[in-house]
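For reference, run28.cif is printed below; it contains mmCIF, C-alpha atoms and all ligand atoms.
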```
data_start
loop_
_atom_site.label_atom_id
_atom_site.label_comp_id
_atom_site.auth_asym_id
_atom_site.auth_seq_id
_atom_site.Cartn_x
_atom_site.Cartn_y
_atom_site.Cartn_z
CA MET A 1 12.82 6.83 35.39
CA ASP A 2 16.57 7.49 35.69
CA ASN A 3 17.18 4.88 33.11
CA PHE A 4 14.90 6.53 30.62
CA PHE A 5 16.54 9.86 31.21
CA LEU A 6 20.03 8.49 30.54
CA LYS A 7 18.84 6.90 27.35
CA SER A 8 17.29 10.09 26.09
CA ASN A 9 20.60 11.90 26.61
CA LEU A 10 22.13 9.80 23.87
CA ILE A 11 19.65 10.76 21.21
CA TRP A 12 19.65 13.76 18.91
CA HIS A 13 15.93 14.24 18.45
CA PRO A 14 14.52 16.04 15.40
CA LEU A 15 13.98 19.76 15.94
CA ALA A 16 15.22 19.54 19.54
CA GLN A 17 16.25 22.60 21.51
CA LYS A 18 18.16 23.03 24.75
CA ASN A 19 15.22 22.75 27.11
CA ASP A 20 13.23 20.14 25.23
CA ILE A 21 12.89 16.90 27.14
CA PRO A 22 11.08 14.28 25.10
CA ILE A 23 8.19 12.38 26.65
CA THR A 24 8.96 8.67 26.61
CA ILE A 25 6.06 6.76 25.15
CA CYS A 26 5.65 3.13 26.17
CA LYS A 27 2.59 2.03 24.27
CA GLY A 28 -0.10 3.06 21.88
CA GLN A 29 -3.69 2.05 21.39
CA GLY A 30 -6.32 3.53 19.11
CA ALA A 31 -6.11 7.31 19.11
CA TYR A 32 -3.96 7.36 22.28
CA VAL A 33 -0.31 6.94 23.23
CA TYR A 34 0.77 6.38 26.84
CA ASP A 35 3.88 7.57 28.68
CA GLU A 36 5.90 5.72 31.31
CA ASN A 37 3.49 6.81 34.03
CA ASP A 38 0.59 5.55 31.94
CA LYS A 39 -0.61 9.08 31.24
CA ALA A 40 -2.70 9.09 28.05
CA TYR A 41 -2.21 11.56 25.21
CA LEU A 42 -4.87 11.89 22.55
CA ASP A 43 -2.86 11.84 19.30
CA LEU A 44 -4.50 14.76 17.50
CA ILE A 45 -1.78 15.04 14.87
CA SER A 46 -1.59 11.34 13.97
CA SER A 47 2.06 11.28 15.08
CA TRP A 48 3.19 13.70 12.38
CA TRP A 49 0.43 12.83 9.95
CA VAL A 50 1.23 9.17 9.46
CA ASN A 51 -1.31 7.26 11.54
CA LEU A 52 -4.68 6.44 9.96
CA HIS A 53 -6.33 3.56 11.80
CA GLY A 54 -5.05 3.99 15.33
CA HIS A 55 -1.87 2.97 17.10
CA CYS A 56 -1.03 -0.72 17.17
CA ASN A 57 -3.91 -1.54 14.88
CA PRO A 58 -4.02 -5.32 15.34
CA GLU A 59 -5.04 -6.15 11.75
CA ILE A 60 -2.03 -4.36 10.31
CA ALA A 61 0.28 -5.74 13.00
CA ILE A 62 -0.72 -9.31 12.12
CA LYS A 63 -0.22 -8.76 8.37
CA ILE A 64 3.29 -7.46 9.02
CA TYR A 65 4.04 -10.47 11.22
CA GLU A 66 2.75 -12.93 8.63
CA GLN A 67 4.74 -11.24 5.88
CA ALA A 68 7.88 -11.26 8.03
CA LEU A 69 7.67 -15.04 8.25
CA LYS A 70 7.42 -15.31 4.43
CA LEU A 71 9.79 -12.70 3.01
CA GLU A 72 11.12 -9.77 4.99
CA HIS A 73 13.05 -8.09 2.19
CA VAL A 74 14.70 -8.68 -1.15
CA ILE A 75 16.71 -6.46 -3.47
CA PHE A 76 14.24 -4.65 -5.75
CA SER A 77 16.52 -4.14 -8.74
CA GLY A 78 16.24 -7.21 -10.93
CA PHE A 79 13.77 -8.77 -8.48
CA SER A 80 10.13 -8.23 -7.58
CA HIS A 81 7.62 -9.65 -5.11
CA GLY A 82 3.92 -10.18 -4.52
CA PRO A 83 3.19 -7.46 -1.95
CA ALA A 84 4.70 -4.73 -4.18
CA ILE A 85 2.83 -5.93 -7.28
CA GLU A 86 -0.45 -6.25 -5.40
CA LEU A 87 -0.04 -2.83 -3.81
CA CYS A 88 0.37 -1.13 -7.21
CA GLU A 89 -2.63 -3.03 -8.60
CA ARG A 90 -4.72 -1.94 -5.63
CA LEU A 91 -3.59 1.68 -5.73
CA ARG A 92 -4.67 1.88 -9.37
CA ASP A 93 -8.28 1.70 -8.18
CA PHE A 94 -7.77 5.01 -6.39
CA LEU A 95 -5.87 6.79 -9.14
CA PRO A 96 -6.62 8.46 -12.45
CA THR A 97 -6.11 5.79 -15.15
CA ASN A 98 -3.09 7.50 -16.67
CA LEU A 99 -1.08 7.35 -13.46
CA ASN A 100 0.05 3.78 -13.83
CA LYS A 101 3.81 3.56 -13.32
CA PHE A 102 4.95 3.18 -9.71
CA PHE A 103 8.43 3.93 -8.36
CA PHE A 104 9.06 2.91 -4.75
CA SER A 105 11.15 4.60 -2.09
CA ASP A 106 10.82 5.00 1.66
CA ASN A 107 9.95 8.55 2.70
CA GLY A 108 8.27 11.69 1.45
CA SER A 109 11.46 13.64 0.80
CA THR A 110 12.83 10.94 -1.49
CA ALA A 111 9.49 10.57 -3.28
CA VAL A 112 9.84 14.27 -4.10
CA GLU A 113 13.52 14.03 -5.12
CA ILE A 114 12.59 11.19 -7.45
CA ALA A 115 9.77 13.15 -9.10
CA MET A 116 12.06 16.15 -9.64
CA LYS A 117 14.87 14.03 -11.05
CA MET A 118 12.44 12.23 -13.35
CA ALA A 119 10.95 15.52 -14.53
CA TYR A 120 14.35 17.00 -15.31
CA GLN A 121 15.66 13.86 -16.98
CA TYR A 122 12.48 13.43 -19.02
CA TRP A 123 13.27 16.68 -20.83
CA TYR A 124 17.01 16.01 -20.87
CA LEU A 125 16.41 12.76 -22.75
CA GLN A 126 14.59 14.81 -25.38
CA LYS A 127 17.62 17.09 -25.67
CA LYS A 128 15.92 19.90 -23.77
CA ASP A 129 17.70 21.49 -20.86
CA LYS A 130 15.14 22.73 -18.34
CA PRO A 131 16.87 23.36 -15.04
CA LEU A 132 14.17 25.52 -13.41
CA PHE A 133 11.39 24.45 -11.06
CA LEU A 134 8.26 26.33 -10.06
CA SER A 135 7.00 26.09 -6.50
CA PHE A 136 4.95 27.92 -3.88
CA ASP A 137 5.93 30.17 -1.01
CA GLY A 138 5.20 28.24 2.16
CA GLY A 139 5.57 24.89 0.39
CA TYR A 140 7.26 22.09 2.26
CA HIS A 141 8.53 19.03 0.43
CA GLY A 142 11.06 17.50 2.78
CA ASP A 143 14.52 18.01 4.23
CA THR A 144 16.86 16.66 1.54
CA PHE A 145 18.63 19.16 -0.72
CA GLY A 146 16.32 19.00 -3.72
CA ALA A 147 13.24 19.08 -1.52
CA MET A 148 14.74 21.97 0.47
CA SER A 149 15.40 23.86 -2.76
CA VAL A 150 11.77 23.76 -3.87
CA GLY A 151 10.78 24.81 -0.36
CA ALA A 152 13.29 27.66 -0.41
CA ASN A 153 10.77 30.47 0.04
CA SER A 154 9.32 28.96 3.18
CA GLY A 155 12.17 29.76 5.52
CA PHE A 156 12.62 26.27 6.97
CA HIS A 157 16.13 25.77 5.64
CA SER A 158 17.62 29.21 5.05
CA ILE A 159 21.03 28.18 6.47
CA PHE A 160 21.60 25.97 3.43
CA GLU A 161 20.36 28.48 0.89
CA LYS A 162 23.60 28.83 -1.02
CA PHE A 163 23.40 25.17 -2.05
CA PHE A 164 19.89 25.40 -3.45
CA PHE A 165 19.18 25.20 -7.15
CA LYS A 166 17.11 27.89 -8.79
CA VAL A 167 13.41 27.90 -8.10
CA LEU A 168 10.69 30.34 -9.17
CA SER A 169 8.26 30.72 -6.31
CA ILE A 170 4.65 31.91 -6.34
CA PRO A 171 2.60 33.15 -3.35
CA PHE A 172 0.14 30.53 -2.09
CA PRO A 173 -3.37 32.04 -1.98
CA ASP A 174 -4.33 30.55 1.36
CA THR A 175 -7.82 31.18 2.55
CA TRP A 176 -10.15 30.68 5.52
CA ASP A 177 -13.78 31.15 6.61
CA ASP A 178 -15.15 34.56 5.57
CA ASP A 179 -11.97 35.53 3.74
CA GLU A 180 -12.86 38.41 1.47
CA SER A 181 -9.51 38.72 -0.23
CA VAL A 182 -9.29 35.25 -1.75
CA ASN A 183 -10.09 36.23 -5.35
CA GLU A 184 -7.53 38.96 -5.22
CA LYS A 185 -4.84 36.66 -3.79
CA GLU A 186 -5.49 34.00 -6.42
CA GLN A 187 -5.34 36.61 -9.16
CA LYS A 188 -1.99 37.85 -7.90
CA SER A 189 -0.56 34.35 -7.83
CA LEU A 190 -1.76 33.65 -11.35
CA GLU A 191 -0.31 36.94 -12.58
CA LEU A 192 3.11 36.09 -11.20
CA LEU A 193 2.83 32.63 -12.72
CA GLU A 194 2.10 34.28 -16.06
CA LEU A 195 5.16 36.46 -15.72
CA TYR A 196 7.41 33.50 -14.96
CA ILE A 197 6.12 31.27 -17.70
CA ASN A 198 6.29 33.98 -20.30
CA GLN A 199 9.86 34.73 -19.42
CA TYR A 200 11.22 31.23 -18.69
CA SER A 201 8.75 28.58 -19.89
CA ASP A 202 11.24 26.74 -22.10
CA LYS A 203 13.55 26.42 -19.08
CA ILE A 204 11.00 25.19 -16.52
CA SER A 205 10.83 21.41 -16.19
CA SER A 206 8.00 21.21 -13.67
CA ILE A 207 5.90 22.77 -10.97
CA ILE A 208 5.63 21.18 -7.53
CA LEU A 209 2.87 21.85 -5.02
CA GLU A 210 0.93 20.50 -2.09
CA PRO A 211 -2.62 20.37 -3.46
CA LEU A 212 -5.34 21.96 -1.25
CA VAL A 213 -3.35 22.08 1.99
CA GLN A 214 0.20 23.25 2.70
CA GLY A 215 1.00 21.19 5.78
CA ALA A 216 4.24 22.23 7.40
CA SER A 217 3.71 25.94 6.97
CA GLY A 218 0.65 25.74 9.21
CA MET A 219 -2.18 23.94 7.36
CA ARG A 220 -2.70 26.71 4.84
CA MET A 221 -5.61 25.85 2.59
CA CYS A 222 -6.51 26.98 -0.91
CA ARG A 223 -9.49 26.50 -3.20
CA PRO A 224 -9.49 23.53 -5.60
CA SER A 225 -10.54 25.80 -8.48
CA PHE A 226 -7.30 27.76 -8.10
CA ILE A 227 -5.16 24.64 -8.50
CA TYR A 228 -7.27 23.61 -11.48
CA ARG A 229 -6.67 26.91 -13.26
CA LEU A 230 -2.97 26.82 -12.45
CA VAL A 231 -2.51 23.30 -13.77
CA GLU A 232 -4.42 24.08 -16.98
CA ARG A 233 -2.18 27.05 -17.58
CA VAL A 234 1.20 25.38 -16.99
CA ARG A 235 0.12 22.42 -19.16
CA GLU A 236 -0.24 24.75 -22.12
CA LYS A 237 3.42 25.61 -21.62
CA ASN A 238 4.67 22.00 -21.42
CA ILE A 239 5.52 22.24 -17.76
CA LEU A 240 5.15 18.94 -15.91
CA VAL A 241 3.03 18.92 -12.77
CA ILE A 242 4.12 17.28 -9.51
CA PHE A 243 1.49 16.86 -6.80
CA ASP A 244 3.10 16.28 -3.43
CA GLU A 245 0.33 14.38 -1.64
CA VAL A 246 2.65 13.05 1.04
CA MET A 247 0.39 14.60 3.66
CA THR A 248 -2.90 15.08 1.77
CA GLY A 249 -3.16 11.47 0.49
CA CYS A 250 -5.04 8.50 1.98
CA GLY A 251 -8.28 10.28 2.84
CA ARG A 252 -6.86 13.25 4.74
CA THR A 253 -8.69 15.92 2.76
CA GLY A 254 -11.97 13.98 2.67
CA SER A 255 -11.39 12.37 -0.75
CA PHE A 256 -8.86 9.59 -1.30
CA PHE A 257 -6.43 12.07 -2.86
CA ALA A 258 -6.71 15.84 -2.91
CA LEU A 259 -6.50 15.60 -6.70
CA ASP A 260 -9.98 14.00 -6.72
CA GLN A 261 -11.44 17.33 -5.57
CA ILE A 262 -9.47 19.36 -8.07
CA GLY A 263 -10.48 17.48 -11.17
CA CYS A 264 -7.13 17.36 -12.90
CA GLU A 265 -4.28 14.90 -13.05
CA PRO A 266 -0.66 15.57 -12.23
CA ASP A 267 2.20 14.03 -14.22
CA PHE A 268 3.79 12.87 -10.98
CA LEU A 269 2.13 12.02 -7.69
CA CYS A 270 4.17 11.62 -4.49
CA ILE A 271 2.74 9.66 -1.59
CA ALA A 272 4.22 8.51 1.73
CA LYS A 273 3.25 9.23 5.38
CA GLY A 274 -0.18 7.56 5.79
CA ILE A 275 0.27 4.90 3.11
CA THR A 276 1.21 2.13 5.59
CA GLY A 277 -1.31 3.34 8.15
CA GLY A 278 1.59 4.75 10.15
CA PHE A 279 3.45 1.48 10.74
CA LEU A 280 6.47 1.50 8.43
CA PRO A 281 8.27 3.89 6.08
CA LEU A 282 7.17 3.58 2.47
CA ALA A 283 6.79 6.06 -0.37
CA LEU A 284 5.78 6.07 -4.02
CA THR A 285 6.33 8.35 -6.94
CA ILE A 286 3.67 7.56 -9.51
CA THR A 287 3.78 8.69 -13.11
CA ARG A 288 2.55 7.85 -16.61
CA GLN A 289 3.57 5.07 -18.96
CA ASP A 290 4.61 7.52 -21.70
CA ILE A 291 6.97 9.33 -19.30
CA TYR A 292 8.48 5.99 -18.29
CA ASN A 293 8.87 5.09 -21.97
CA GLU A 294 11.22 8.02 -22.49
CA PHE A 295 13.63 6.38 -20.06
CA LEU A 296 13.70 3.05 -21.87
CA ASN A 297 16.96 3.25 -23.72
CA GLN A 298 19.62 0.75 -24.60
CA ASP A 299 22.33 3.10 -23.43
CA GLN A 300 23.19 2.50 -19.76
CA LYS A 301 24.27 6.07 -19.28
CA PHE A 302 20.69 7.29 -19.70
CA ILE A 303 19.22 4.98 -17.08
CA PHE A 304 17.32 6.57 -14.17
CA THR A 305 19.87 6.33 -11.40
CA HIS A 306 17.95 6.29 -8.17
CA SER A 307 17.55 3.43 -5.73
CA HIS A 308 17.38 2.87 -2.00
CA SER A 309 18.37 -0.20 0.01
CA TYR A 310 14.87 -0.67 1.36
CA THR A 311 13.00 0.05 -1.88
CA ALA A 312 9.52 -1.57 -1.76
CA ASN A 313 10.13 -3.33 1.54
CA PRO A 314 7.65 -6.26 1.63
CA LEU A 315 6.67 -5.64 5.26
CA ALA A 316 5.81 -2.03 4.46
CA CYS A 317 3.88 -3.16 1.36
CA ALA A 318 1.93 -5.69 3.46
CA ALA A 319 1.09 -2.94 5.95
CA ALA A 320 -0.01 -0.64 3.11
CA LEU A 321 -2.24 -3.32 1.58
CA CYS A 322 -3.96 -3.89 4.90
CA SER A 323 -4.26 -0.16 5.56
CA LEU A 324 -5.91 0.33 2.14
CA SER A 325 -8.46 -2.40 2.90
CA ILE A 326 -9.37 -0.72 6.17
CA LEU A 327 -9.53 2.66 4.47
CA GLU A 328 -11.94 1.36 1.84
CA ARG A 329 -14.43 0.07 4.40
CA GLN A 330 -17.70 1.89 4.81
CA GLU A 331 -17.12 2.37 8.51
CA THR A 332 -13.83 4.18 7.83
CA GLN A 333 -15.43 6.31 5.13
CA HIS A 334 -18.19 7.21 7.59
CA ALA A 335 -15.58 7.99 10.24
CA ILE A 336 -13.88 10.44 7.87
CA VAL A 337 -17.19 12.22 7.31
CA ALA A 338 -17.88 12.21 11.06
CA ILE A 339 -14.50 13.84 11.74
CA ASN A 340 -15.34 16.58 9.26
CA ASP A 341 -18.73 17.12 10.94
CA ALA A 342 -17.07 17.27 14.36
CA HIS A 343 -14.59 19.87 13.05
CA ILE A 344 -17.47 22.01 11.80
CA ARG A 345 -19.12 21.80 15.24
CA GLY A 346 -15.83 22.47 17.00
CA ILE A 347 -15.04 25.54 14.93
CA GLU A 348 -18.53 26.89 15.66
CA TYR A 349 -17.83 26.35 19.34
CA LEU A 350 -14.53 28.23 19.15
CA LYS A 351 -16.13 31.10 17.25
CA LEU A 352 -18.58 31.48 20.12
CA HIS A 353 -16.28 30.88 23.06
CA CYS A 354 -12.77 31.89 22.18
CA LYS A 355 -12.12 35.45 21.09
CA HIS A 356 -8.39 34.92 20.73
CA ILE A 357 -8.78 32.52 17.85
CA SER A 358 -9.42 33.42 14.22
CA PHE A 359 -8.69 32.35 10.60
CA PHE A 360 -10.78 29.19 10.88
CA ARG A 361 -10.38 26.61 8.13
CA ILE A 362 -11.31 22.99 7.49
CA CYS A 363 -10.43 20.53 4.74
CA GLY A 364 -11.76 17.00 5.21
CA THR A 365 -10.26 15.58 8.40
CA ILE A 366 -7.97 18.59 8.93
CA SER A 367 -8.96 21.68 10.82
CA ALA A 368 -6.80 24.68 11.69
CA PHE A 369 -7.08 28.11 13.27
CA SER A 370 -4.78 30.83 14.41
CA ILE A 371 -4.15 32.53 17.71
CA LYS A 372 -3.58 36.25 17.68
CA GLY A 373 0.15 36.49 18.25
CA ILE A 374 2.75 33.73 18.59
CA ILE A 375 1.71 30.79 20.73
CA PRO A 376 3.67 30.87 24.02
CA GLU A 377 5.73 27.78 24.89
CA ASN A 378 3.87 27.31 28.17
CA LEU A 379 0.54 27.24 26.37
CA LYS A 380 1.89 24.34 24.29
CA ALA A 381 3.00 22.63 27.51
CA GLU A 382 -0.45 23.19 28.98
CA LEU A 383 -2.08 21.44 26.02
CA LEU A 384 0.21 18.44 26.54
CA ASN A 385 -0.45 18.45 30.28
CA GLY A 386 -4.12 18.37 29.42
CA GLY A 387 -3.51 15.12 27.51
CA LEU A 388 -3.77 16.66 24.04
CA LEU A 389 -0.94 15.68 21.71
CA LEU A 390 -0.95 18.82 19.57
CA ARG A 391 1.99 20.49 17.91
CA PRO A 392 1.14 24.08 17.00
CA ILE A 393 3.02 25.64 14.09
CA GLY A 394 3.84 29.32 14.61
CA ASN A 395 0.53 30.84 15.66
CA ASN A 396 -1.52 28.00 14.19
CA ILE A 397 -3.17 25.15 16.04
CA TYR A 398 -4.33 22.28 13.85
CA ILE A 399 -6.12 19.01 14.41
CA LEU A 400 -5.37 16.09 12.09
CA PRO A 401 -6.49 12.96 13.93
CA PRO A 402 -6.38 9.24 13.18
CA TYR A 403 -9.66 8.07 11.67
CA VAL A 404 -10.46 5.93 14.74
CA ILE A 405 -10.98 9.02 16.88
CA THR A 406 -14.58 9.43 18.10
CA SER A 407 -16.75 12.51 17.65
CA LYS A 408 -16.92 12.75 21.42
CA GLU A 409 -13.14 12.94 21.66
CA ILE A 410 -13.05 15.69 19.05
CA ASP A 411 -15.80 17.67 20.80
CA PHE A 412 -13.83 17.31 24.04
CA THR A 413 -10.67 18.53 22.27
CA TYR A 414 -12.24 21.78 21.07
CA LYS A 415 -13.67 22.53 24.50
CA LYS A 416 -10.37 21.83 26.15
CA ILE A 417 -8.42 23.98 23.68
CA SER A 418 -10.91 26.79 24.21
CA SER A 419 -10.65 26.65 28.00
CA ILE A 420 -6.83 26.45 27.96
CA VAL A 421 -6.49 29.35 25.52
CA ASN A 422 -9.01 31.44 27.45
CA LYS A 423 -7.34 30.72 30.76
CA PHE A 424 -4.06 31.80 29.22
CA PHE A 425 -5.20 35.09 27.87
CA TYR A 426 -7.44 36.13 30.73
CA ALA A 427 -5.29 34.89 33.60
C1 LIG A 501 6.25 15.35 5.49
C2 LIG A 501 6.23 15.82 4.10
C3 LIG A 501 7.28 15.53 3.22
C4 LIG A 501 8.50 14.80 3.67
O1 LIG A 501 8.21 13.48 4.02
P1 LIG A 501 9.22 12.68 4.96
O2 LIG A 501 8.68 11.29 4.96
O3 LIG A 501 9.15 13.34 6.30
O4 LIG A 501 10.57 12.78 4.33
C5 LIG A 501 7.17 15.95 1.92
N1 LIG A 501 6.09 16.62 1.49
C6 LIG A 501 5.06 16.91 2.30
C7 LIG A 501 3.89 17.64 1.76
C8 LIG A 501 5.09 16.52 3.63
O5 LIG A 501 4.08 16.85 4.44
#
```
Rewrite the structure of this file - the entire thing - as structure tokens.
Ligand SMILES: *Cc1c(COP(=O)(O)O)cnc(C)c1O
Amino acid sequence: MDNFFLKSNLIWHPLAQKNDIPITICKGQGAYVYDENDKAYLDLISSWWVNLHGHCNPEIAIKIYEQALKLEHVIFSGFSHGPAIELCERLRDFLPTNLNKFFFSDNGSTAVEIAMKMAYQYWYLQKKDKPLFLSFDGGYHGDTFGAMSVGANSGFHSIFEKFFFKVLSIPFPDTWDDDESVNEKEQKSLELLELYINQYSDKISSIILEPLVQGASGMRMCRPSFIYRLVERVREKNILVIFDEVMTGCGRTGSFFALDQIGCEPDFLCIAKGITGGFLPLALTITRQDIYNEFLNQDQKFIFTHSHSYTANPLACAAALCSLSILERQETQHAIVAINDAHIRGIEYLKLHCKHISFFRICGTISAFSIKGIIPENLKAELLNGGLLLRPIGNNIYILPPYVITSKEIDFTYKKISSIVNKFFYA
């Protein structure tokens, strides 16, 4: 115990504050992780949205081991390897046919940086200077400077504001069960879009958005038809479209990608988080052949200058290939539907039993709801004590579980949340 404590004093944990003491986790299995006293926590947020098929999934673990004995890594500039090639081939089955050029990196933020750099340079190579980006209020695209810039109107990174490049931001028309103002909100967003594109369209290189669900700002959900209209409109103005599906990809929203429900194709698609099933860092920025062709130039000074040491790591690719196979299976597809059904039941339960909760919303395997007022720190602690690994955002609680979770465990979760919240507000 002492030993663990000393160790944790050395580490600067993400988003840590003075009184935060991290829980040391010693093992994981299925939907659970276990601390040093063997206390189980039901991982209801898939360890920050990365885990798909459970912790320590043995099939993926074995594939990584086998790959490690063959080729652990090789420089990806001037060299290639089987797992990367096979992964792109396999991903094509899940993608619109025109998205067929794959650029590897190793996290969501860089996948976004790459898309933005490509979008800007694409126009630059055609002698068009388009330094502006469109984005959404509440959007989150990562913690690097470019990604922070397009998330500027979300308040996550305001300290660094003076370094941000210029972004035009539109309100995100988030909606929920029985929301009567959704048409009005969407109309407002589209009107502001119209204003921006009429004034600046020849200066805007691209628009970036999280399709269907804004994750980090509290699982804010919008209607697919809104995104469809938006994309149609910006296309007419030659603005490239970047879908950041870092969180929404790999079955999260019920379809393989959120774009499948929207019915339109982006020019760039960013994926990361769940792609390796939660085992290893890997990301992809996927675009079209004709965009790639613009970059093929004899002059070295126009090359796309972006690379990372661990680009297309073979172990990560092997994990991703295995994760995709599991994801494709009927039993996983059924599990995704079952999670959605359990969310519907759970929300009904909360509506009946918990007066302090409102703004109910569900998208595929994600459900979210809001507590009236900010969630007190000790309520969060109570959820953890109760064995629920949840991480509320502001006044929102959300559930985004690995696909191996059972309906019973989800039913239990809703009941437990309800009793803890009720105890808190009536005590
Ligand atoms: C998490 C996230 C990112 C950043 O990904 P990292 O791998 O944490 O850098 C970008 N976009 C979205 C939508 C995300 O949810």
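Here CA of Gly346 in chain A stands at a distance of 7.6 Å from CA of Ile410 in chain A.
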Go ahead and compute the interatomic distance for CA of Pro314 in chain A and CA of Ile62 in chain A, in Å to one decimal.
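About the pair CA of Pro314 in chain A and CA of Ile62 in chain A: they are 13.8 Å apart.
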For a quick check of understanding, using all atoms listed in the file, which of A:Gly394, A:Gly364, A:Pro171, A:Gly138 has the smallest distance to ligand LIG 501 (chain A)?
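Selected residue with least distance to ligand LIG 501 (chain A): A:Gly138.
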Chain A residues near ligand LIG 501 (chain A) within 9 Å, closest pair each, using all atoms listed in the file, as a Markdown table:
```
| residue | atom | partner | partner_atom | distance |
| --- | --- | --- | --- | --- |
| A:Trp48 | CA | A:LIG501 | C1 | 7.7 |
| A:Trp49 | CA | A:LIG501 | O5 | 7.7 |
| A:Val50 | CA | A:LIG501 | C1 | 8.9 |
| A:Asp106 | CA | A:LIG501 | O2 | 7.4 |
| A:Asn107 | CA | A:LIG501 | O2 | 3.8 |
| A:Gly108 | CA | A:LIG501 | O1 | 3.1 |
| A:Ser109 | CA | A:LIG501 | O4 | 3.7 |
| A:Thr110 | CA | A:LIG501 | O4 | 6.5 |
| A:Ala111 | CA | A:LIG501 | C5 | 7.8 |
| A:Val112 | CA | A:LIG501 | C5 | 6.8 |
| A:Gly139 | CA | A:LIG501 | C7 | 7.6 |
| A:Tyr140 | CA | A:LIG501 | C7 | 5.6 |
| A:His141 | CA | A:LIG501 | N1 | 3.6 |
| A:Gly142 | CA | A:LIG501 | C4 | 3.8 |
| A:Asp143 | CA | A:LIG501 | O4 | 6.6 |
| A:Thr144 | CA | A:LIG501 | O4 | 7.9 |
| A:Ala147 | CA | A:LIG501 | C5 | 7.6 |
| A:Leu209 | CA | A:LIG501 | C7 | 8.0 |
| A:Glu210 | CA | A:LIG501 | C7 | 5.6 |
| A:Pro211 | CA | A:LIG501 | C7 | 8.8 |
| A:Val213 | CA | A:LIG501 | C7 | 8.5 |
| A:Gln214 | CA | A:LIG501 | C7 | 6.8 |
| A:Gly215 | CA | A:LIG501 | O5 | 5.5 |
| A:Ala216 | CA | A:LIG501 | O5 | 6.1 |
| A:Phe243 | CA | A:LIG501 | C7 | 8.9 |
| A:Asp244 | CA | A:LIG501 | C7 | 5.4 |
| A:Glu245 | CA | A:LIG501 | C7 | 5.9 |
| A:Val246 | CA | A:LIG501 | C6 | 4.7 |
| A:Met247 | CA | A:LIG501 | O5 | 4.4 |
| A:Thr248 | CA | A:LIG501 | C7 | 7.3 |
| A:Cys270 | CA | A:LIG501 | N1 | 8.0 |
| A:Ile271 | CA | A:LIG501 | N1 | 8.3 |
| A:Ala272 | CA | A:LIG501 | O2 | 6.2 |
| A:Lys273 | CA | A:LIG501 | O2 | 5.8 |
| A:Pro281 | CA | A:LIG501 | O2 | 7.5 |
| A:Leu282 | CA | A:LIG501 | O2 | 8.2 |
| A:Ala283 | CA | A:LIG501 | O2 | 7.7 |
```
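Coordinates place CA of Asp35 in chain A at a distance of 17.7 Å from CA of Ile11 in chain A.
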Contacts of range 420-426 of chain A within 9 Å, only C-alpha atoms, excl. fewer than 4 positions in-chain, as a short mmCIF file (atom, residue, chain, number, x, y, z; two decimals) with C-alpha atoms, keeping the file's coordinate frame:
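The resulting result-v7.cif:
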```
data_model
loop_
_atom_site.label_atom_id
_atom_site.label_comp_id
_atom_site.auth_asym_id
_atom_site.auth_seq_id
_atom_site.Cartn_x
_atom_site.Cartn_y
_atom_site.Cartn_z
CA HIS A 353 -16.28 30.88 23.06
CA CYS A 354 -12.77 31.89 22.18
CA LYS A 355 -12.12 35.45 21.09
CA HIS A 356 -8.39 34.92 20.73
CA ILE A 357 -8.78 32.52 17.85
CA ILE A 371 -4.15 32.53 17.71
CA LEU A 379 0.54 27.24 26.37
CA GLU A 382 -0.45 23.19 28.98
CA LEU A 383 -2.08 21.44 26.02
CA GLY A 386 -4.12 18.37 29.42
CA LYS A 415 -13.67 22.53 24.50
CA LYS A 416 -10.37 21.83 26.15
#
```
For Leu134 in chain A, please output as a list of chain:residue names all residues within 9 Å (counting all atoms listed in the file; exclusion window: fewer than 6 positions along the same chain).
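The filter keeps A:Val150, A:Val167, A:Leu168, A:Ser169, A:Ile170, A:Leu193, A:Tyr196, A:Ile204, A:Ser205, A:Ser206, A:Ile207, A:Ile208, A:Leu209.
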May I have the residues within 8 Å of range 25-34 of chain A as a list in words, using all atoms listed in the file and disregarding those fewer than 2 positions away in the same chain?
Ile23, Glu36, Asn37, Asp38, Lys39, Ala40, Tyr41, Leu42, Asp43, Leu44, Ser46, His53, Gly54, His55, Cys56, Asn57, Pro401, Pro402, Val404 and Ile405 of chain A
With only C-alpha atoms as the basis for distance, which of A:Val74, A:Leu327, A:Leu350, A:Leu15 is at the shortest distance from Ser309 in chain A?
A:Val74
Please build the interface table for range 265-298 of chain A against range 84-103 of chain A with a cut-off of 10 Å, listing for each qualifying residue the nearest atom pair and the distance in Å to one decimal; count all atoms listed in the file, order rows by chain and increasing number, and write it as JSON lines.
```
{"residue": "A:Glu265", "atom": "CA", "partner": "A:Pro96", "partner_atom": "CA", "distance": 6.9}
{"residue": "A:Pro266", "atom": "CA", "partner": "A:Leu99", "partner_atom": "CA", "distance": 8.3}
{"residue": "A:Asp267", "atom": "CA", "partner": "A:Leu99", "partner_atom": "CA", "distance": 7.5}
{"residue": "A:Phe268", "atom": "CA", "partner": "A:Leu99", "partner_atom": "CA", "distance": 7.8}
{"residue": "A:Leu269", "atom": "CA", "partner": "A:Leu99", "partner_atom": "CA", "distance": 8.1}
{"residue": "A:Cys270", "atom": "CA", "partner": "A:Phe103", "partner_atom": "CA", "distance": 9.6}
{"residue": "A:Ala283", "atom": "CA", "partner": "A:Phe103", "partner_atom": "CA", "distance": 8.4}
{"residue": "A:Leu284", "atom": "CA", "partner": "A:Phe103", "partner_atom": "CA", "distance": 5.5}
{"residue": "A:Thr285", "atom": "CA", "partner": "A:Phe103", "partner_atom": "CA", "distance": 5.1}
{"residue": "A:Ile286", "atom": "CA", "partner": "A:Phe102", "partner_atom": "CA", "distance": 4.6}
{"residue": "A:Thr287", "atom": "CA", "partner": "A:Leu99", "partner_atom": "CA", "distance": 5.1}
{"residue": "A:Arg288", "atom": "CA", "partner": "A:Leu99", "partner_atom": "CA", "distance": 4.8}
{"residue": "A:Gln289", "atom": "CA", "partner": "A:Lys101", "partner_atom": "CA", "distance": 5.8}
{"residue": "A:Asp290", "atom": "CA", "partner": "A:Asn98", "partner_atom": "CA", "distance": 9.2}
{"residue": "A:Ile291", "atom": "CA", "partner": "A:Lys101", "partner_atom": "CA", "distance": 8.9}
{"residue": "A:Tyr292", "atom": "CA", "partner": "A:Lys101", "partner_atom": "CA", "distance": 7.2}
```
